[in-house]
file work-v5.cif (mmCIF, C-alpha atoms)
data_final
#
loop_
_atom_site.label_atom_id
_atom_site.label_comp_id
_atom_site.auth_asym_id
_atom_site.auth_seq_id
_atom_site.Cartn_x
_atom_site.Cartn_y
_atom_site.Cartn_z
CA MET A 1 35.42 5.70 168.18
CA CYS A 2 37.17 6.59 171.40
CA SER A 3 34.88 7.72 174.18
CA SER A 4 36.14 11.27 174.63
CA ASP A 5 36.75 12.48 171.08
CA LEU A 6 33.24 13.19 169.76
CA GLY A 7 32.96 16.75 171.11
CA HIS A 8 36.29 17.77 169.63
CA LYS A 9 35.41 16.13 166.31
CA ILE A 10 32.08 17.97 166.11
CA ARG A 11 33.82 21.23 167.04
CA GLY A 12 36.37 20.64 164.27
CA LEU A 13 33.66 19.98 161.70
CA LEU A 14 31.77 23.14 162.73
CA GLN A 15 34.98 25.15 162.55
CA GLN A 16 35.64 23.78 159.06
CA LYS A 17 32.13 24.71 157.98
CA SER A 18 32.64 28.29 159.18
CA GLY A 19 36.04 28.50 157.44
CA ALA A 20 38.06 28.58 160.67
CA HIS A 21 40.54 25.97 159.45
CA SER A 22 43.35 26.87 161.85
CA LEU A 23 41.00 26.21 164.77
CA ALA A 24 39.74 23.04 163.10
CA VAL A 25 43.33 21.79 162.82
CA ASP A 26 43.70 22.19 166.59
CA SER A 27 40.40 20.38 167.24
CA PHE A 28 41.25 17.44 164.99
CA LYS A 29 44.73 17.18 166.51
CA LYS A 30 43.04 16.96 169.93
CA VAL A 31 40.84 14.11 168.66
CA ILE A 32 43.91 12.29 167.35
CA SER A 33 45.73 12.77 170.66
CA LEU A 34 42.79 11.04 172.37
CA CYS A 35 42.25 8.37 169.72
CA LYS A 36 45.24 7.60 167.47
CA ASN A 37 43.25 5.43 165.04
CA ASP A 38 40.38 7.80 164.20
CA GLY A 39 40.33 7.85 160.40
CA ALA A 40 37.68 10.59 160.26
CA ALA A 41 39.81 12.90 162.43
CA TYR A 42 42.81 12.41 160.15
CA ALA A 43 40.57 13.13 157.13
CA GLY A 44 39.19 16.28 158.77
CA LEU A 45 42.69 17.42 159.63
CA GLY A 46 43.80 16.76 156.05
CA VAL A 47 40.94 18.78 154.60
CA SER A 48 41.63 21.77 156.86
CA LEU A 49 45.34 21.61 156.02
CA LEU A 50 44.33 21.59 152.34
CA PHE A 51 42.38 24.83 152.81
CA LEU A 52 45.40 26.31 154.58
CA LYS A 53 47.49 25.31 151.52
CA ARG A 54 49.69 23.05 153.66
CA TYR A 55 49.54 20.39 150.97
CA GLU A 56 52.35 18.07 152.03
CA GLU A 57 50.96 17.81 155.57
CA ALA A 58 47.45 17.38 154.17
CA ILE A 59 48.56 14.48 151.99
CA GLN A 60 50.18 12.76 154.98
CA MET A 61 47.02 13.12 157.06
CA LEU A 62 44.83 11.81 154.24
CA LYS A 63 47.13 8.81 153.88
CA LYS A 64 46.69 8.14 157.60
CA SER A 65 42.90 8.52 157.24
CA ILE A 66 42.98 5.80 154.58
CA THR A 67 44.97 3.55 156.90
CA TYR A 68 42.42 3.88 159.69
CA SER A 69 39.21 4.21 157.67
CA ARG A 70 36.62 1.47 157.67
CA HIS A 71 34.35 2.93 155.01
CA ASN A 72 34.25 3.76 151.32
CA ASP A 73 35.21 7.32 152.30
CA ILE A 74 38.82 6.29 151.83
CA TRP A 75 38.45 6.50 148.07
CA TYR A 76 37.35 10.14 148.34
CA GLN A 77 40.51 10.79 150.38
CA VAL A 78 42.57 9.24 147.57
CA LEU A 79 40.83 11.60 145.12
CA ASN A 80 41.55 14.54 147.45
CA MET A 81 45.23 13.60 147.54
CA ALA A 82 45.35 13.56 143.74
CA LEU A 83 43.69 16.99 143.62
CA MET A 84 46.30 18.36 146.03
CA TYR A 85 49.13 16.97 143.93
CA GLU A 86 47.52 18.61 140.89
CA GLU A 87 47.23 21.91 142.78
CA MET A 88 50.98 21.72 143.50
CA GLY A 89 51.72 21.08 139.82
CA ARG A 90 52.70 17.48 140.48
CA ASN A 91 50.52 15.84 137.84
CA GLU A 92 52.60 12.65 137.68
CA ASP A 93 52.04 12.10 141.41
CA ALA A 94 48.34 12.80 140.90
CA LEU A 95 48.19 10.21 138.12
CA ASP A 96 50.04 7.64 140.24
CA THR A 97 47.70 8.29 143.16
CA LEU A 98 44.65 7.64 140.98
CA SER A 99 46.09 4.71 139.04
CA TRP A 100 46.75 2.20 141.81
CA PRO A 101 43.12 2.06 143.00
CA LEU A 102 41.96 1.48 139.42
CA ASP A 103 44.50 -1.33 139.03
CA LEU A 104 43.18 -2.80 142.28
CA ALA A 105 39.59 -2.44 141.05
CA ASP A 106 40.47 -4.34 137.87
CA ARG A 107 41.48 -7.31 140.01
CA HIS A 108 38.72 -6.85 142.64
CA PRO A 109 35.76 -5.20 140.88
CA PHE A 110 33.64 -4.56 143.97
CA ILE A 111 36.29 -2.88 146.11
CA ILE A 112 35.62 0.65 144.81
CA PRO A 113 32.08 1.94 144.25
CA ASN A 114 31.44 2.59 140.56
CA GLN A 115 30.61 6.29 140.99
CA ILE A 116 34.02 6.86 142.60
CA LYS A 117 35.79 4.79 139.95
CA VAL A 118 34.21 7.02 137.29
CA LYS A 119 35.52 10.16 139.07
CA PHE A 120 39.03 8.65 139.10
CA GLU A 121 38.81 7.83 135.39
CA GLU A 122 37.55 11.34 134.54
CA LYS A 123 40.36 12.98 136.50
CA ILE A 124 42.99 10.74 134.87
CA PHE A 125 41.62 11.68 131.44
CA GLU A 126 41.81 15.37 132.39
CA LEU A 127 45.37 15.07 133.74
CA ASP A 128 46.56 13.15 130.67
CA LYS A 129 45.60 15.97 128.29
CA PRO A 130 48.64 17.69 126.80
#

call {"tool": "encode", "arguments": {"input": "work-v5.cif", "output": "structure tokens"}}
result
Amino acid sequence: MCSSDLGHKIRGLLQQKSGAHSLAVDSFKKVISLCKNDGAAYAGLGVSLLFLKRYEEAIQMLKKSITYSRHNDIWYQVLNMALMYEEMGRNEDALDTLSWPLDLADRHPFIIPNQIKVKFEEKIFELDKP
């Protein structure tokens, strides 16, 4: 974590909690301007953009959060991306987004926690229904 971004990050999270997503976007952008590799800030920005229905931007920010994340949280961001694609009516993109991590998990079983893998599988089953 960069030394000067914590206050802005906390502010962004509090703004998200209160539903002030436009303000949260500004706070998370400030964090990113101070610390370009803050995966949590990109995730927070992506979530607020999701609530503002700015899906394409949200997906890009969640992809960046995955790039910079050092935790298992990244798999929740992948699930969030799939849910945004589904919200936009892009079920094929949602399926593709969920499929590659499962393919990876088949080759490296411990890379994705089992409870997240189950959520992916459930969502794929739901999306595959005619």

call {"tool": "residues_around", "arguments": {"input": "work-v5.cif", "residues": "Ser22 in chain A", "least_positions_apart": "4", "cutoff": "9 Å", "atoms": "all atoms listed in the file", "output": "list of chain:residue names"}}
result
A:Gln15, A:Gln16, A:Asp26, A:Ser27, A:Ser48, A:Leu49, A:Leu52

call {"tool": "write_last_selection", "arguments": {"input": "work-v5.cif", "atoms": "C-alpha atoms", "output": "PDB file, in the coordinates of the input"}}
result
ATOM      1  CA  GLN A  15      34.980  25.150 162.550  1.00  0.00           C
ATOM      2  CA  GLN A  16      35.640  23.780 159.060  1.00  0.00           C
ATOM      3  CA  ASP A  26      43.700  22.190 166.590  1.00  0.00           C
ATOM      4  CA  SER A  27      40.400  20.380 167.240  1.00  0.00           C
ATOM      5  CA  SER A  48      41.630  21.770 156.860  1.00  0.00           C
ATOM      6  CA  LEU A  49      45.340  21.610 156.020  1.00  0.00           C
ATOM      7  CA  LEU A  52      45.400  26.310 154.580  1.00  0.00           C
TER       8      LEU A  52
END

call {"tool": "residues_around", "arguments": {"input": "work-v5.cif", "residues": "Gly7 in chain A", "least_positions_apart": "6", "cutoff": "12 Å", "atoms": "only C-alpha atoms", "output": "ChimeraX atom specification"}}
result
/A:1,13-14,27-28,30-31,34,41

call {"tool": "closest_residue", "arguments": {"input": "work-v5.cif", "among": "A:Leu45, A:Asn37, A:Ile74, A:Lys64", "to": "Ile116 in chain A", "atoms": "all atoms listed in the file"}}
result
A:Ile74

call {"tool": "residues_around", "arguments": {"input": "work-v5.cif", "residues": "range 86-92 of chain A", "least_positions_apart": "6", "cutoff": "12 Å", "atoms": "all atoms listed in the file", "output": "PyMOL selection string"}}
result
chain A and resi 50-51+53-56+59+79-80+98-99+123-130

call {"tool": "resolve_selection", "arguments": {"input": "work-v5.cif", "expression": "the PyMOL selection byres ((chain A and resi 102) around 12)", "output": "compact mmCIF listing (two decimals) with C-alpha atoms, keeping the file's coordinate frame"}}
result
# COMPACT_ATOMS: atom_id res chain seq x y z
CA TRP A 75 38.45 6.50 148.07
CA VAL A 78 42.57 9.24 147.57
CA LEU A 79 40.83 11.60 145.12
CA LEU A 95 48.19 10.21 138.12
CA ASP A 96 50.04 7.64 140.24
CA THR A 97 47.70 8.29 143.16
CA LEU A 98 44.65 7.64 140.98
CA SER A 99 46.09 4.71 139.04
CA TRP A 100 46.75 2.20 141.81
CA PRO A 101 43.12 2.06 143.00
CA ASP A 103 44.50 -1.33 139.03
CA LEU A 104 43.18 -2.80 142.28
CA ALA A 105 39.59 -2.44 141.05
CA ASP A 106 40.47 -4.34 137.87
CA ARG A 107 41.48 -7.31 140.01
CA HIS A 108 38.72 -6.85 142.64
CA PRO A 109 35.76 -5.20 140.88
CA PHE A 110 33.64 -4.56 143.97
CA ILE A 111 36.29 -2.88 146.11
CA ILE A 112 35.62 0.65 144.81
CA PRO A 113 32.08 1.94 144.25
CA ASN A 114 31.44 2.59 140.56
CA ILE A 116 34.02 6.86 142.60
CA LYS A 117 35.79 4.79 139.95
CA VAL A 118 34.21 7.02 137.29
CA LYS A 119 35.52 10.16 139.07
CA PHE A 120 39.03 8.65 139.10
CA GLU A 121 38.81 7.83 135.39
CA GLU A 122 37.55 11.34 134.54
CA LYS A 123 40.36 12.98 136.50
CA ILE A 124 42.99 10.74 134.87

call {"tool": "closest_residue", "arguments": {"input": "work-v5.cif", "among": "A:Ser18, A:Ser33, A:Met61, A:Gln115", "to": "Val47 in chain A", "atoms": "all atoms listed in the file"}}
result
A:Met61

call {"tool": "atom_distance", "arguments": {"input": "work-v5.cif", "atom1": "CA of Lys9 in chain A", "atom2": "CA of Tyr68 in chain A"}}
result
15.6 Å

call {"tool": "closest_residue", "arguments": {"input": "work-v5.cif", "among": "A:Ile10, A:Leu23, A:Met81, A:Cys35", "to": "Leu62 in chain A", "atoms": "only C-alpha atoms"}}
result
A:Met81
